[in-house]
Structures are given as C-alpha cells and as structure tokens.
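Take a look at the structure below.
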Amino acid sequence: MSLPIKTIALFGAENSLGEVFVRELTNPRNSDLQLTALLATADLPPTLSSYLQELATPPSVISVNPSDPSNLAQALAGIDAVISTASGTRQSAELQLIKAAESTQVRLIVPSNYGPDITAPANLARPIFAAARQTEEALRDSSLAHILVCSGFFAEYFITPLFDWDTKSPATVVYADQKASFTAIADVARYTVAAIKRYEEFSSHVLRIAAYTMSPADWVNAVERVTGKTVNVTEGQLDALLAEADADVEPPKNLAGTKRQMLAVLSTGGGRVDWGDNELDNTKFPEIVPAPIDDYIKQAFANE
C-alpha cells in the first residue's frame, strides 16, 4: 500500500472556483491534509484573504509564474498531489503544470476539467473543450497518476443568462428538453478531495458525479414550486442554435460564444455524465449529501 496523500497544492486559488476548494481543503474534516495555495496573481481576492486570516493555521500561499515550469517545480517541492482550478486563458498553463509536476515527487494531479464529459459523443467537436482535451492528452502521455472529475454543469450557474434564464420575469428559453447532470461547486470540491484521499482507488479514473439529473422542464417545475411564480417558457430555435455553435472552430473568446457552446452541449445531451453505460460514483461516497436544489433556486431569486 502506498503512503497516503498528505500535502496538496492548489493551482488557481485566486479565482472563485479555487476559493471554494480552499475552503474545503481547510475544513476541519480535512485536517489531515496540508494545503499550499498557488497564485497566478500577485494578491488574494479580498474574500479569500479575509477567510484565511480567520484560520488558526492558514495554508502557505505562494505566487507562481504559470508559464515557467521550473518556477512551478520549485513551488511543488514536497507536494504529494496537485489540484487545478485554472479557468479561462490560464487553463492552458496546466500543460506547464503537468511538466513541472513530472519533474518532482508529485504523485497525483487533478486537472481543472470539472463539468460535462468531454468524451461524450455530443461534445467531441465542441471547441469550448479544446483546452480540456489538450490537458487530458498531456496527462495520458505523462507518468502522472490523475483523476478526471466529470460533474456536469455547476448548479449555481444554471438559472442565469448563460443558460437563457431571466429571473426578473421569470422566463427561460428551452431549445431541447434533454436531461443533464448538475453539481454545486462546493459538492464538486468535496467529492474531489474525498477521492484524492482514496487515490489508489480512483487513480487514472474518471470520477463521475452528479447531485441532480434534470432537464430544463424539471428546472422550470422546481423553480415554480420553490418560488410560487409561473415561468414563461419560450421554445428556442434548436437548428439555428446548433448551426451557429457548429460553425465555431475556436474556443469562445466572449460570453456570447460561451453561452452558445454551453446551450449546444445542454441541448444535444452532452451535459449528462452518466451517458451510455457509464455509472455515477456518488454511492461510493455515502458521507457526502449534496445540498438540496431548492437552496440554489432560492439563491438565484434572492434579489428578485
């Protein structure tokens, strides 16, 4: 039996996803883990800085140059496992992170590929997953053990304009009533850390988790039940959406392109992580009980 994971470096701690992972890794239930937060920016976000100041034993915080593998390698000295929450343009820095990790004693890496399964048939050609595909290819070619986390869409982001929701009306546009997987960010972090603690079981494994499996119609029904409001549902033009999304050849560079790609994934069944014969891993973590979907609906309508 290998030694347990004890030291973890979090790459991307400066963004909102990274902050959630910092909070999970410093939760008392993970007191057996020692965290080092790696920042690609000079300063911590104010909310994270305030949180760390309240901790009796705050983690180490190191600023790194994400384009310099030697600099990253120095920061990874003594680290057992690396979690990445890099997003946007910084996700490409994961290729340098993999090179750096290979040159050290790092045993395990979890890339920032949380979300839909990029190997699902509906997602194979989607340019929004280009960086994730490069990362997974680099990991397969490396000597590093890794865990790929497929968690579906983030539950907090669904009732937003990104998925054609207007909470003021309320109203939404539905292009196709396909079931999809949804998991809140805090639950993604908790499942990920729990899997790292059992890394021999999940090493080089695709961890498939979903707190909820819902279609757009299911969301409408849930919103109406929780808020007592009637949602105005418009049928979107699926053919037109897919024609535009399929014409994209480069990763999206703005919110409109991201929205188009994500709606295409949702509307073609690409959001479900337990597609085909794939099964969810939720039952392997009975200690984790995802928060009720009602919590995120109330959050979305809190200011309306």
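By order in the structure tokens, chains are A, B, ...; within a chain, residues start at 1; ligands start at 1, following the order shown.
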- Message: With only C-alpha atoms as the counted atoms, please give the residues lying no more than 12 Å from Ile5 in chain A, apart from itself and same-chain residues fewer than 4 positions off, as a PyMOL selection string.
- Response: chain A and resi 1+9+30+32-35+78-82+105-109+193-200
- What residues in range 119-257 of chain A get the DSSP label strand (DSSP E or B)? Please answer as an MDAnalysis selection string. chainID A and resid 145:150 153:154 165:166 171:174 180:183 205:208 212:214 232:235
- Task: Do a neighbour search on Leu207 in chain A at 7 Å with only C-alpha atoms, toss out local chain neighbours closer than 6 positions, and write the hits as a list in words.
- Result: Ile147, Leu148, Val149, Cys150 and Asp281 of chain A
- Closest to Lys6 in chain A among A:Ser31, A:Asp239, A:Thr119, A:Gln74, using only C-alpha atoms?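 Of A:Ser31, A:Asp239, A:Thr119, A:Gln74, the one nearest Lys6 in chain A, counting only C-alpha atoms, is A:Ser31.
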- Task: as an NGL selection string, please: all residues of range 75-259 of chain A that backbone DSSP puts in alpha helix (DSSP H).
- Result: :A and (75 or 94-102 or 130-141 or 185-197 or 199-202 or 216-227 or 238-247 or 255-259)
